[in-house]
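J.: Provided below: entry_20.txt, containing compact mmCIF, C-alpha atoms.
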```txt
# COMPACT_ATOMS: atom_id res chain seq x y z
CA MET D 1082 18.17 16.91 -1.94
CA SER D 1083 21.07 16.05 0.33
CA ALA D 1084 24.29 14.39 -0.74
CA ALA D 1085 23.28 11.46 1.48
CA LEU D 1086 20.12 10.84 -0.56
CA ALA D 1087 22.11 11.11 -3.80
CA SER D 1088 24.51 8.47 -2.50
CA LEU D 1089 21.63 6.21 -1.44
CA TYR D 1090 20.06 6.59 -4.87
CA ALA D 1091 23.31 5.59 -6.61
CA GLN D 1092 23.42 2.43 -4.49
CA HIS D 1093 19.74 1.78 -5.20
CA LEU D 1094 20.19 2.12 -8.95
CA ASP D 1095 23.16 -0.25 -8.86
CA GLN D 1096 20.93 -2.82 -7.14
CA VAL D 1097 18.09 -2.28 -9.64
CA ILE D 1098 20.53 -2.80 -12.51
CA ARG D 1099 21.94 -5.98 -10.95
CA ASP D 1100 18.47 -7.39 -10.39
CA SER D 1101 17.38 -6.44 -13.91
CA ASP D 1102 20.47 -7.95 -15.49
CA ALA D 1103 19.89 -11.20 -13.61
CA ALA D 1104 16.23 -11.25 -14.67
CA LEU D 1105 17.15 -10.61 -18.31
CA ALA D 1106 19.72 -13.39 -18.32
CA ALA D 1107 17.40 -15.87 -16.64
CA SER D 1108 14.55 -15.14 -19.07
CA GLY D 1109 16.67 -15.08 -22.22
CA HIS D 1110 16.38 -11.38 -23.03
CA ASP D 1111 19.10 -8.89 -23.87
CA SER D 1112 17.46 -5.52 -23.26
CA LEU D 1113 14.72 -4.00 -21.18
CA LEU D 1114 12.26 -1.30 -22.28
CA ILE D 1115 9.96 0.07 -19.56
CA ALA D 1116 6.98 2.33 -20.24
CA ALA D 1117 5.91 4.98 -17.78
CA GLY D 1118 2.42 4.54 -19.21
CA THR D 1119 -0.12 6.92 -20.66
CA PRO D 1120 -3.49 8.21 -19.42
CA ARG D 1121 -6.49 6.17 -20.56
CA LEU D 1122 -9.66 7.98 -21.54
CA ARG D 1123 -12.86 7.01 -19.81
CA PHE D 1124 -15.41 5.14 -21.88
CA LEU D 1125 -17.17 7.45 -24.38
CA ASP D 1126 -15.40 10.47 -22.92
CA ASP D 1127 -12.48 12.79 -23.59
CA GLN D 1128 -11.27 12.83 -19.97
CA ALA D 1129 -8.85 10.48 -18.28
CA PRO D 1130 -8.29 9.56 -14.63
CA PRO D 1131 -5.19 11.08 -13.01
CA PHE D 1132 -2.00 9.62 -14.44
CA VAL D 1133 -0.14 7.06 -12.33
CA ALA D 1134 3.23 5.90 -13.60
CA SER D 1135 4.08 2.21 -13.79
CA PRO D 1136 5.78 0.90 -10.63
CA HIS D 1137 8.44 -0.72 -12.83
CA PHE D 1138 9.28 2.72 -14.23
CA LEU D 1139 9.29 4.39 -10.79
CA HIS D 1140 11.57 1.70 -9.40
CA TRP D 1141 14.34 3.15 -11.58
CA LEU D 1142 13.79 6.87 -10.95
CA PRO D 1143 11.48 9.24 -9.02
CA LEU D 1144 9.79 10.69 -12.10
CA THR D 1145 6.10 10.48 -11.25
CA ASP D 1146 4.83 12.89 -13.93
CA ALA D 1147 6.22 11.61 -17.22
CA PRO D 1148 3.41 10.04 -19.27
CA GLY D 1149 4.63 8.59 -22.54
CA SER D 1150 8.24 8.33 -21.36
CA TRP D 1151 10.41 5.20 -21.41
CA ILE D 1152 13.47 3.72 -19.76
CA VAL D 1153 15.80 1.66 -21.94
CA HIS D 1154 18.34 -0.62 -20.28
CA VAL D 1155 20.97 -2.70 -22.04
CA PRO D 1156 23.35 -4.56 -19.70
CA GLY D 1157 26.76 -2.94 -19.60
CA ARG D 1158 25.51 0.45 -20.80
CA ARG D 1159 24.19 3.55 -19.05
CA PRO D 1160 20.41 3.45 -18.85
CA ARG D 1161 18.57 5.82 -21.17
CA LEU D 1162 15.49 7.88 -20.42
CA ILE D 1163 13.34 8.76 -23.39
CA PHE D 1164 11.54 11.75 -21.89
CA LEU D 1165 8.34 12.95 -23.55
CA GLN D 1166 7.98 16.71 -23.15
CA PRO D 1167 5.24 17.68 -25.63
CA ARG D 1168 4.58 21.10 -27.07
CA ASP D 1169 1.16 21.64 -25.53
CA TYR D 1170 -0.93 24.56 -24.35
CA TRP D 1171 -3.91 22.48 -23.17
CA HIS D 1172 -2.09 20.75 -20.33
CA VAL D 1173 0.82 21.30 -17.98
CA VAL D 1174 3.98 20.08 -19.69
CA PRO D 1175 6.25 17.90 -17.49
CA ASP D 1176 9.28 19.77 -16.17
CA THR D 1177 12.70 19.06 -17.60
CA PRO D 1178 14.29 16.33 -15.44
CA ARG D 1179 16.66 17.55 -12.76
CA GLY D 1180 17.89 16.45 -9.39
CA TYR D 1181 20.11 13.88 -7.77
CA TRP D 1182 19.32 11.08 -10.24
CA VAL D 1183 19.74 12.67 -13.69
CA GLU D 1184 23.51 12.17 -13.89
CA HIS D 1185 22.99 8.41 -14.00
CA PHE D 1186 20.95 8.47 -17.22
CA ASP D 1187 21.44 9.41 -20.83
CA ILE D 1188 18.35 11.56 -21.35
CA VAL D 1189 16.77 12.04 -24.76
CA THR D 1190 13.94 14.58 -24.79
CA VAL D 1191 11.27 14.16 -27.47
CA ALA D 1192 8.26 16.30 -28.35
CA ASP D 1193 5.71 13.66 -29.38
CA GLU D 1194 4.91 9.96 -29.27
CA ASN D 1195 6.15 9.36 -32.80
CA ALA D 1196 9.58 10.65 -31.87
CA ALA D 1197 9.54 8.49 -28.73
CA ARG D 1198 8.65 5.46 -30.84
CA LEU D 1199 11.54 6.13 -33.24
CA GLU D 1200 13.95 6.27 -30.32
CA LEU D 1201 12.55 3.01 -28.96
CA GLU D 1202 12.90 1.27 -32.31
CA ARG D 1203 16.64 1.93 -32.20
CA SER D 1204 16.85 -0.17 -29.02
CA LEU D 1205 14.21 -2.77 -29.86
CA GLY D 1206 15.60 -6.15 -30.81
CA GLU D 1207 14.38 -9.68 -31.29
CA HIS D 1208 15.13 -10.47 -27.65
CA SER D 1209 13.95 -7.26 -25.99
CA ALA D 1210 11.67 -7.39 -22.97
CA VAL D 1211 9.06 -4.63 -23.20
CA LEU D 1212 7.12 -3.83 -20.02
CA GLY D 1213 3.90 -1.87 -20.10
CA GLU D 1214 0.23 -1.82 -20.99
CA ASP D 1215 -1.03 -2.52 -24.49
CA GLY D 1216 -0.83 0.64 -26.54
CA ALA D 1217 1.92 2.15 -24.40
CA ALA D 1218 3.90 3.07 -27.50
CA GLY D 1219 1.30 2.89 -30.20
CA SER D 1220 0.54 -0.15 -32.33
CA ASP D 1221 4.09 -0.60 -33.62
CA ILE D 1222 5.68 -1.69 -30.34
CA ALA D 1223 3.61 -4.12 -28.32
CA PRO D 1224 4.71 -4.88 -24.74
CA ASN D 1225 5.45 -8.57 -24.26
CA ASN D 1226 5.76 -8.53 -20.44
CA PRO D 1227 7.73 -11.80 -20.20
CA PRO D 1228 6.31 -13.75 -17.23
CA ALA D 1229 9.67 -15.23 -16.18
CA LEU D 1230 11.31 -11.81 -16.15
CA LEU D 1231 8.41 -10.16 -14.32
CA ALA D 1232 8.43 -12.88 -11.68
CA ARG D 1233 12.05 -12.13 -10.81
CA LEU D 1234 11.50 -8.38 -10.78
CA HIS D 1235 8.42 -8.71 -8.57
CA TRP D 1236 10.25 -11.03 -6.19
CA THR D 1237 13.24 -8.75 -5.68
CA ARG D 1238 11.14 -5.59 -5.44
CA ALA D 1239 9.68 -6.83 -2.14
CA CYS D 1240 12.97 -6.10 -0.35
CA LYS D 1241 13.58 -2.37 -0.24
CA THR D 1242 16.90 -0.58 -0.50
CA ALA D 1243 18.02 2.08 1.98
CA TYR D 1244 17.02 4.71 -0.59
CA GLU D 1245 13.49 3.31 -0.83
CA ILE D 1246 13.15 3.19 2.95
CA THR D 1247 14.15 6.86 3.09
CA LEU D 1248 11.33 7.73 0.67
CA MET D 1249 8.86 5.58 2.60
CA ARG D 1250 9.77 7.37 5.81
CA ALA D 1251 8.94 10.65 4.06
CA ALA D 1252 5.60 9.18 2.94
CA SER D 1253 4.92 8.12 6.53
CA ARG D 1254 5.47 11.66 7.82
CA ILE D 1255 3.06 13.01 5.20
CA GLY D 1256 0.41 10.53 6.28
CA ALA D 1257 0.98 11.14 9.98
CA ARG D 1258 0.45 14.89 9.54
CA GLY D 1259 -2.87 14.19 7.87
CA HIS D 1260 -3.95 11.76 10.59
CA LEU D 1261 -3.22 14.22 13.37
CA ALA D 1262 -5.37 16.83 11.61
CA ALA D 1263 -8.15 14.30 11.05
CA ALA D 1264 -8.18 13.40 14.75
CA ARG D 1265 -8.50 17.07 15.67
CA ALA D 1266 -11.34 17.53 13.18
CA PHE D 1267 -13.18 14.52 14.62
CA ALA D 1268 -12.80 15.87 18.15
CA ALA D 1269 -14.28 19.17 16.94
CA GLY D 1270 -17.38 17.40 15.58
CA ALA D 1271 -16.57 17.48 11.84
CA SER D 1272 -18.38 15.44 9.19
CA GLU D 1273 -16.64 12.73 7.17
CA PHE D 1274 -16.19 15.15 4.28
CA GLU D 1275 -14.79 17.84 6.57
CA ILE D 1276 -12.36 15.34 8.10
CA HIS D 1277 -11.27 14.36 4.59
CA LEU D 1278 -10.59 18.00 3.69
CA ALA D 1279 -8.63 18.48 6.91
CA TYR D 1280 -6.53 15.44 6.04
CA LEU D 1281 -5.76 16.71 2.54
CA ALA D 1282 -4.81 20.18 3.78
CA ALA D 1283 -2.51 18.93 6.54
CA SER D 1284 -0.82 16.27 4.41
CA GLY D 1285 -0.37 18.70 1.51
CA GLN D 1286 -1.91 16.29 -1.00
CA THR D 1287 -4.64 16.56 -3.58
CA GLU D 1288 -7.01 13.64 -3.97
CA ALA D 1289 -5.13 12.63 -7.13
CA GLU D 1290 -1.87 12.45 -5.16
CA LEU D 1291 -3.17 10.12 -2.46
CA PRO D 1292 -1.73 6.59 -2.66
CA TYR D 1293 -5.32 5.26 -2.33
CA ALA D 1294 -8.77 6.67 -1.72
CA ASN D 1295 -9.20 7.78 1.88
CA ILE D 1296 -11.43 5.63 4.08
CA ILE D 1297 -13.10 7.89 6.63
CA GLY D 1298 -16.02 6.30 8.44
CA LEU D 1299 -17.99 7.69 11.35
CA ASN D 1300 -20.03 5.39 13.57
CA THR D 1301 -21.46 2.36 11.72
CA HIS D 1302 -19.57 3.30 8.55
CA GLY D 1303 -16.48 1.89 10.24
CA ALA D 1304 -17.97 -1.56 9.62
CA VAL D 1305 -17.64 -1.08 5.84
CA LEU D 1306 -14.06 -2.13 5.18
CA HIS D 1307 -13.53 0.08 2.12
CA TYR D 1308 -15.94 2.89 2.94
CA THR D 1309 -15.25 5.93 0.70
CA ARG D 1310 -18.55 7.83 0.56
CA PHE D 1311 -17.75 10.95 2.70
CA GLU D 1312 -21.08 12.02 4.14
CA ARG D 1313 -21.39 15.81 4.11
CA ALA D 1314 -23.80 16.01 7.05
CA ARG D 1315 -22.58 15.77 10.61
CA PRO D 1316 -24.24 12.81 12.37
CA ASP D 1317 -26.70 13.44 15.16
CA ALA D 1318 -24.59 11.33 17.52
CA ARG D 1319 -20.85 10.71 17.43
CA HIS D 1320 -19.51 7.34 18.56
CA SER D 1321 -16.37 6.59 16.57
CA LEU D 1322 -14.07 7.41 13.69
CA LEU D 1323 -12.14 4.91 11.60
CA ILE D 1324 -9.68 6.56 9.20
CA ASP D 1325 -7.46 4.62 6.78
CA ALA D 1326 -5.37 7.11 4.80
CA GLY D 1327 -1.81 7.37 3.56
CA GLY D 1328 0.82 9.61 2.08
CA GLN D 1329 2.83 9.37 -1.10
CA TYR D 1330 6.37 10.56 -1.79
CA ALA D 1331 8.19 10.04 -5.11
CA GLY D 1332 5.78 7.21 -5.87
CA TYR D 1333 6.22 5.39 -2.54
CA ALA D 1334 3.26 4.95 -0.21
CA SER D 1335 2.42 4.88 3.44
CA ASP D 1336 -0.72 3.10 4.65
CA ILE D 1337 -1.98 4.11 8.09
CA THR D 1338 -5.20 3.42 10.00
CA ARG D 1339 -6.39 4.76 13.31
CA THR D 1340 -9.66 4.41 15.23
CA TYR D 1341 -10.97 6.92 17.77
CA ALA D 1342 -13.78 6.78 20.30
CA ALA D 1343 -15.92 9.87 20.85
CA GLU D 1344 -16.21 9.00 24.55
CA PRO D 1345 -12.64 8.57 25.84
CA GLN D 1346 -13.64 6.73 29.01
CA GLY D 1347 -16.25 4.40 27.56
CA ASP D 1348 -16.27 0.69 26.71
CA PHE D 1349 -15.46 1.31 23.04
CA ALA D 1350 -12.39 3.36 23.94
CA ALA D 1351 -11.23 0.51 26.17
CA LEU D 1352 -11.75 -1.95 23.31
CA VAL D 1353 -9.71 0.27 20.97
CA ALA D 1354 -6.90 0.43 23.53
CA THR D 1355 -6.80 -3.34 23.93
CA LEU D 1356 -6.72 -3.89 20.18
CA GLU D 1357 -3.85 -1.42 19.89
CA GLU D 1358 -1.92 -3.35 22.53
CA MET D 1359 -2.50 -6.50 20.49
CA GLN D 1360 -1.40 -4.72 17.30
CA GLN D 1361 1.86 -3.59 18.88
CA ILE D 1362 2.65 -7.16 19.95
CA LEU D 1363 2.22 -8.25 16.33
CA CYS D 1364 4.40 -5.39 15.05
CA LEU D 1365 7.26 -6.64 17.25
CA ASP D 1366 6.99 -10.04 15.54
CA VAL D 1367 7.90 -8.63 12.09
CA ARG D 1368 11.22 -10.47 11.96
CA ALA D 1369 13.31 -12.19 9.32
CA GLY D 1370 12.34 -15.83 8.94
CA GLN D 1371 8.77 -15.29 10.17
CA PRO D 1372 6.20 -16.83 7.80
CA TYR D 1373 3.57 -14.13 7.42
CA PRO D 1374 0.60 -16.57 7.41
CA GLU D 1375 1.65 -17.72 10.88
CA LEU D 1376 1.64 -14.10 12.04
CA HIS D 1377 -1.87 -13.75 10.62
CA LEU D 1378 -3.03 -16.79 12.59
CA GLU D 1379 -1.39 -15.41 15.72
CA ALA D 1380 -3.48 -12.28 15.24
CA HIS D 1381 -6.61 -14.41 15.39
CA ARG D 1382 -5.42 -16.20 18.52
CA LEU D 1383 -4.77 -12.86 20.19
CA LEU D 1384 -8.12 -11.54 18.99
CA GLY D 1385 -9.81 -14.44 20.73
CA GLY D 1386 -8.32 -13.10 23.94
CA VAL D 1387 -9.59 -9.59 23.20
CA LEU D 1388 -13.11 -10.90 22.61
CA ALA D 1389 -13.03 -12.87 25.86
CA ALA D 1390 -11.52 -10.02 27.90
CA HIS D 1391 -14.25 -7.61 26.82
CA GLY D 1392 -17.13 -10.04 27.32
CA LEU D 1393 -18.00 -10.43 23.65
CA VAL D 1394 -17.73 -14.21 23.91
CA ARG D 1395 -18.52 -16.57 26.78
CA CYS D 1396 -15.98 -19.18 25.72
CA SER D 1397 -12.20 -19.16 26.08
CA ALA D 1398 -9.87 -17.35 23.70
CA GLU D 1399 -8.73 -20.72 22.36
CA ALA D 1400 -12.30 -21.82 21.68
CA ALA D 1401 -13.14 -18.54 19.93
CA PHE D 1402 -10.19 -19.14 17.60
CA ALA D 1403 -10.84 -22.86 17.08
CA GLN D 1404 -14.52 -22.35 16.24
CA GLY D 1405 -13.75 -19.60 13.74
CA ILE D 1406 -15.56 -16.93 15.76
CA THR D 1407 -12.60 -14.58 15.33
CA ARG D 1408 -13.00 -14.74 11.55
CA THR D 1409 -16.41 -13.06 11.86
CA PHE D 1410 -14.91 -10.15 13.78
CA LEU D 1411 -11.75 -9.99 11.63
CA PRO D 1412 -12.67 -11.02 8.07
CA HIS D 1413 -9.66 -9.56 6.24
CA GLY D 1414 -5.95 -10.38 6.19
CA LEU D 1415 -3.47 -9.04 8.72
CA GLY D 1416 -1.63 -6.99 6.12
CA HIS D 1417 0.39 -6.89 2.93
CA LEU D 1418 3.63 -5.79 1.29
CA LEU D 1419 3.98 -2.04 0.84
CA GLY D 1420 6.09 0.08 -1.47
CA LEU D 1421 5.50 1.57 -4.90
CA GLN D 1422 2.07 -0.02 -4.74
CA VAL D 1423 -0.10 0.10 -1.65
CA HIS D 1424 -0.65 -3.63 -2.07
CA ASP D 1425 2.81 -4.32 -3.47
CA ILE D 1426 2.88 -7.09 -6.03
CA GLY D 1427 4.33 -10.53 -5.33
CA GLY D 1428 2.71 -11.18 -1.96
CA HIS D 1429 1.58 -14.67 -2.97
CA GLN D 1430 4.65 -15.51 -5.10
CA SER D 1431 6.42 -18.75 -4.18
CA SER D 1432 9.94 -18.14 -5.52
CA PRO D 1433 11.94 -15.91 -7.89
CA GLU D 1434 10.84 -18.23 -10.69
CA GLY D 1435 7.18 -17.60 -9.97
CA GLY D 1436 4.48 -19.91 -8.67
CA ARG D 1437 1.79 -19.02 -6.18
CA THR D 1438 1.42 -19.84 -2.51
CA PRO D 1439 -2.28 -19.28 -1.80
CA PRO D 1440 -3.60 -18.08 1.55
CA PRO D 1441 -5.13 -20.64 3.91
CA PRO D 1442 -8.63 -21.68 2.75
CA GLU D 1443 -10.19 -20.27 5.93
CA HIS D 1444 -8.47 -16.91 5.36
CA PRO D 1445 -8.87 -16.22 1.63
CA TYR D 1446 -8.26 -12.47 1.86
CA LEU D 1447 -4.72 -12.69 3.24
CA ARG D 1448 -2.56 -10.80 0.70
CA LEU D 1449 0.86 -12.00 1.89
CA THR D 1450 1.99 -15.61 2.19
CA ARG D 1451 5.75 -15.14 1.95
CA THR D 1452 8.33 -15.53 4.70
CA LEU D 1453 9.60 -12.17 5.90
CA GLU D 1454 13.07 -11.03 4.85
CA PRO D 1455 15.20 -8.00 5.77
CA GLY D 1456 14.11 -5.05 3.67
CA MET D 1457 10.45 -5.99 3.41
CA VAL D 1458 7.96 -3.38 4.57
CA VAL D 1459 4.63 -4.85 5.61
CA THR D 1460 1.45 -3.49 7.11
CA ILE D 1461 0.17 -4.84 10.40
CA GLU D 1462 -3.52 -4.01 10.57
CA PRO D 1463 -5.67 -6.21 12.81
CA GLY D 1464 -9.30 -5.22 13.18
CA LEU D 1465 -12.40 -5.95 15.19
CA TYR D 1466 -15.65 -5.15 13.36
CA PHE D 1467 -19.36 -5.37 14.05
CA ILE D 1468 -20.61 -6.20 10.55
CA PRO D 1469 -24.33 -7.09 10.57
CA MET D 1470 -24.28 -9.56 7.67
CA LEU D 1471 -21.35 -11.52 9.16
CA LEU D 1472 -22.77 -11.45 12.67
CA ASP D 1473 -26.13 -12.73 11.39
CA ALA D 1474 -24.36 -15.65 9.73
CA LEU D 1475 -22.45 -16.46 12.93
CA ARG D 1476 -25.61 -16.29 15.03
CA ALA D 1477 -27.11 -19.09 12.92
CA THR D 1478 -24.22 -21.50 13.66
CA PRO D 1479 -23.55 -23.61 16.77
CA ALA D 1480 -20.60 -21.32 17.60
CA GLY D 1481 -23.08 -18.45 17.86
CA SER D 1482 -24.20 -19.73 21.23
CA ASP D 1483 -20.80 -18.74 22.64
CA VAL D 1484 -21.27 -15.08 21.67
CA ASP D 1485 -22.80 -12.60 24.12
CA TRP D 1486 -25.17 -10.97 21.65
CA ALA D 1487 -26.40 -8.39 24.10
CA ARG D 1488 -22.81 -7.27 24.63
CA VAL D 1489 -22.19 -7.19 20.88
CA GLU D 1490 -25.24 -4.99 20.43
CA THR D 1491 -23.74 -2.31 22.68
CA PHE D 1492 -20.92 -1.84 20.14
CA MET D 1493 -22.92 -1.95 16.92
CA SER D 1494 -23.20 1.83 16.66
CA CYS D 1495 -19.39 2.11 16.67
CA GLY D 1496 -18.91 0.08 13.48
CA GLY D 1497 -15.44 -1.29 14.01
CA ILE D 1498 -11.78 -0.85 14.83
CA ARG D 1499 -8.64 -1.08 12.71
CA ILE D 1500 -5.12 -0.07 13.79
CA GLU D 1501 -2.48 -0.13 11.05
CA ASP D 1502 1.26 0.56 11.03
CA ASP D 1503 3.91 0.12 8.33
CA VAL D 1504 6.78 -1.97 9.68
CA LEU D 1505 10.24 -2.58 8.22
CA CYS D 1506 11.70 -6.05 8.67
CA THR D 1507 15.44 -5.97 9.36
CA ALA D 1508 18.14 -8.46 10.31
CA ASP D 1509 17.45 -7.41 13.91
CA ASP D 1510 14.54 -5.62 15.59
CA PRO D 1511 11.72 -4.29 13.38
CA HIS D 1512 11.41 -0.58 12.65
CA ASN D 1513 7.90 0.82 12.90
CA LEU D 1514 7.90 3.56 10.25
CA THR D 1515 4.46 4.78 11.28
CA ARG D 1516 5.19 5.18 14.98
CA GLU D 1517 8.50 6.86 14.11
CA ALA D 1518 6.62 9.39 11.97
CA PHE D 1519 4.09 10.23 14.68
CA ALA D 1520 6.86 10.53 17.25
CA ALA D 1521 8.76 12.96 15.03
CA LEU D 1522 5.69 15.21 14.90
CA ALA D 1523 4.96 15.11 18.60
```
Before we go any further, please render this structure as structure tokens.

T.:
Amino acid sequence: MSAALASLYAQHLDQVIRDSDAALAASGHDSLLIAAGTPRLRFLDDQAPPFVASPHFLHWLPLTDAPGSWIVHVPGRRPRLIFLQPRDYWHVVPDTPRGYWVEHFDIVTVADENAARLELERSLGEHSAVLGEDGAAGSDIAPNNPPALLARLHWTRACKTAYEITLMRAASRIGARGHLAAARAFAAGASEFEIHLAYLAASGQTEAELPYANIIGLNTHGAVLHYTRFERARPDARHSLLIDAGGQYAGYASDITRTYAAEPQGDFAALVATLEEMQQILCLDVRAGQPYPELHLEAHRLLGGVLAAHGLVRCSAEAAFAQGITRTFLPHGLGHLLGLQVHDIGGHQSSPEGGRTPPPPEHPYLRLTRTLEPGMVVTIEPGLYFIPMLLDALRATPAGSDVDWARVETFMSCGGIRIEDDVLCTADDPHNLTREAFAALA
């Protein structure tokens, strides 16, 4: 890694330590113990899902493969890493830590969980905050996960450091490479499963390394918001592809969605183009001081215009919004915080002390209700879907008379549209990490 990244990491760690010290002081704790976590066996089985380290652990260092390890922080001292490197011939043993970050830690390597627990006990005090899942260090050390401390850590984690943004840009390039390959596979007539394989190969990721399960829906499958089935057979007719897939780098995620029409000159392609124009307008509004719920409502106002412009409704854009027609065509939230978690925690938090600001009652699936600040990375992902169960419900209401149902029917075979970019809020103009990544690969 470059000297520039090493310098950014040093600044990042200084910020993490400052935020942690403030959280410890505010919650009445004097030390912080953070578990990486351990794999959990499936019910009645001897196999576990792929290991994913705790985001609290990864916020301190880019050590994604360290099950059973711990970070110990005492204000005023160098942080310690208790690194579990077992003697094992059944599984791959984690590599000895190296790289730009190791000089900032006192590293103690242990060979088993008992040795890790003994090291932890030397740091554990009456006022220690222990973050992790139950059983993270055996029965002797139970995580207490102090709510007041977690609230402050979750609040501050929403604003990314320059180091984190560098890693997220790398994750965006990984995702963009996969998307370009997926688009080529779709154009060549591939099945959902074949498109998925093309994405994995081009992005250089295994399924276990993806930040979330790929959503790859052809035709009507695009109307299933979290469609993850991967049909092996190629459909008899090709109308559309909706692909929602990301990349992961050092624990940080990208979250990207694109929609393609099989017929580039048809009505569905025109609808996709108009929705993308709308999405880009919203991306430009990712600015400090912007309440995200207002941006979500603006998306619905703009969607009313899209519906009217393409003849899907007979009423005005304003009436489509006021009657709630747009909520049938866009039933999910505009987006969410992004970082070490795809849906980064704290999106509904009211203040550093905690509390919850719920989404508007009419928009219960909105995942972000905070006001945007410099350093936040958010997704902007408006959609327009033709979901039979929601359309049937709308048809039965008075507002249904303002919908051109014959026109809607012409799009049913295409499923739906979603366009999603990851956008960095700054003190000035927003930076679209997704568009930057695609441009770099052009």

J.: Between CA of Asp1215 (chain D) and CA of Ala1134 (chain D), what distance in Å does the model show, to one decimal?

T.: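 Interatomic distance, CA of Asp1215 (chain D) to CA of Ala1134 (chain D): 14.4 Å.
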
J.: What's around Met1493 (chain D) at 10 Å? Count all atoms listed in the file, leave out sequence neighbours fewer than 5 positions away in its own chain, and write the answer as a list in words.

T.: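 With the cut-off at 10 Å, the set is Asn1300, Thr1301, Ala1304, Tyr1466, Phe1467, Ile1468, Pro1469 and Arg1488 of chain D.
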
J.: Counting all atoms listed in the file, figure out which residue out of D:His1391, D:Arg1179, D:His1137, D:Arg1382 gets nearest to Leu1231 (chain D).

T.: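 Closest candidate: D:His1137.
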
J.: Between CA of Asp1146 (chain D) and CA of Val1504 (chain D), measure the distance and give it in Å to one decimal.

T.: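 One can read the CA of Asp1146 (chain D) to CA of Val1504 (chain D) distance as 28.0 Å.
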
J.: Need the shell around Ile1362 (chain D): protein/DNA/RNA residues with any atom at most 12 Å away, counting only C-alpha atoms. Skip same-chain ones fewer than 5 positions apart. Format as a PyMOL selection string?

T.: chain D and resi 1355-1357+1367+1376+1379-1380+1383-1384+1461-1463+1502+1511+1513

J.: Which residue gives the smallest distance to Pro1372 (chain D) among D:Ala1243, D:Leu1415, D:Leu1453, D:Ala1282, with all atoms listed in the file counted?

T.: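 The closest residue to Pro1372 (chain D) is D:Leu1453.
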
J.: Near region 1417-1423 of chain D, counting all atoms listed in the file, which residues have an atom at most 9 Å away, once you skip same-chain residues fewer than 3 positions from it, shown as number ranges by chain?

T.: D: 1136-1137, 1139-1140, 1238-1239, 1241, 1245-1246, 1249, 1292-1293, 1331-1336, 1414, 1426-1428, 1447-1450, 1457-1461, 1503

J.: Please provide the set of residues having any atom within 12 Å of Gly1370 (chain D), restricted to all atoms listed in the file, with same-chain residues fewer than 6 positions apart removed, written as a ChimeraX atom specification.

T.: /D:1376,1451-1455,1457,1506-1509

J.: Do a neighbour search on Gly1385 (chain D) at 9 Å with all atoms listed in the file, toss out local chain neighbours closer than 6 positions, and write the hits as a list of chain:residue names.

T.: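 Within the cut-off, the hits are D:Val1394, D:Ser1397, D:Ala1398, D:Glu1399, D:Ala1400, D:Ala1401, D:Phe1402, D:Ile1406, D:Thr1407.
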
J.: Using Å and a single decimal, report how far CA of Ala1518 (chain D) sits from CA of Tyr1341 (chain D).

T.: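 If I compute the distance from CA of Tyr1341 (chain D) to CA of Ala1518 (chain D), I get 18.7 Å.
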
J.: From the list D:Pro1227, D:Ile1498, D:Ala1318, D:His1424, which residue is nearest Ala1350 (chain D) when using all atoms listed in the file?

T.: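 For Ala1350 (chain D), the nearest of the candidates is D:Ile1498.
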
J.: With N, CA and C atoms as the goal, would you fill in the gaps in region 1318-1327 of chain D and present it as a compact mmCIF listing (two decimals), in the coordinates of the input?

T.:
```txt
# COMPACT_ATOMS: atom_id res chain seq x y z
N ALA D 1318 -25.37 11.83 16.38
CA ALA D 1318 -24.59 11.33 17.52
C ALA D 1318 -23.23 10.88 17.01
N ARG D 1319 -22.21 11.10 17.80
CA ARG D 1319 -20.85 10.71 17.43
C ARG D 1319 -20.39 9.60 18.36
N HIS D 1320 -20.01 8.46 17.77
CA HIS D 1320 -19.51 7.34 18.56
C HIS D 1320 -18.05 7.02 18.24
N SER D 1321 -17.70 7.08 16.94
CA SER D 1321 -16.37 6.59 16.57
C SER D 1321 -15.95 7.17 15.23
N LEU D 1322 -14.66 7.10 15.00
CA LEU D 1322 -14.07 7.41 13.69
C LEU D 1322 -13.06 6.34 13.36
N LEU D 1323 -13.18 5.78 12.16
CA LEU D 1323 -12.14 4.91 11.60
C LEU D 1323 -11.60 5.61 10.36
N ILE D 1324 -10.30 5.91 10.35
CA ILE D 1324 -9.68 6.56 9.20
C ILE D 1324 -8.49 5.75 8.72
N ASP D 1325 -8.54 5.36 7.47
CA ASP D 1325 -7.46 4.62 6.78
C ASP D 1325 -7.01 5.51 5.64
N ALA D 1326 -5.83 6.13 5.77
CA ALA D 1326 -5.37 7.11 4.80
C ALA D 1326 -3.85 7.14 4.81
N GLY D 1327 -3.26 7.41 3.66
CA GLY D 1327 -1.81 7.37 3.56
C GLY D 1327 -1.23 8.59 2.89
```
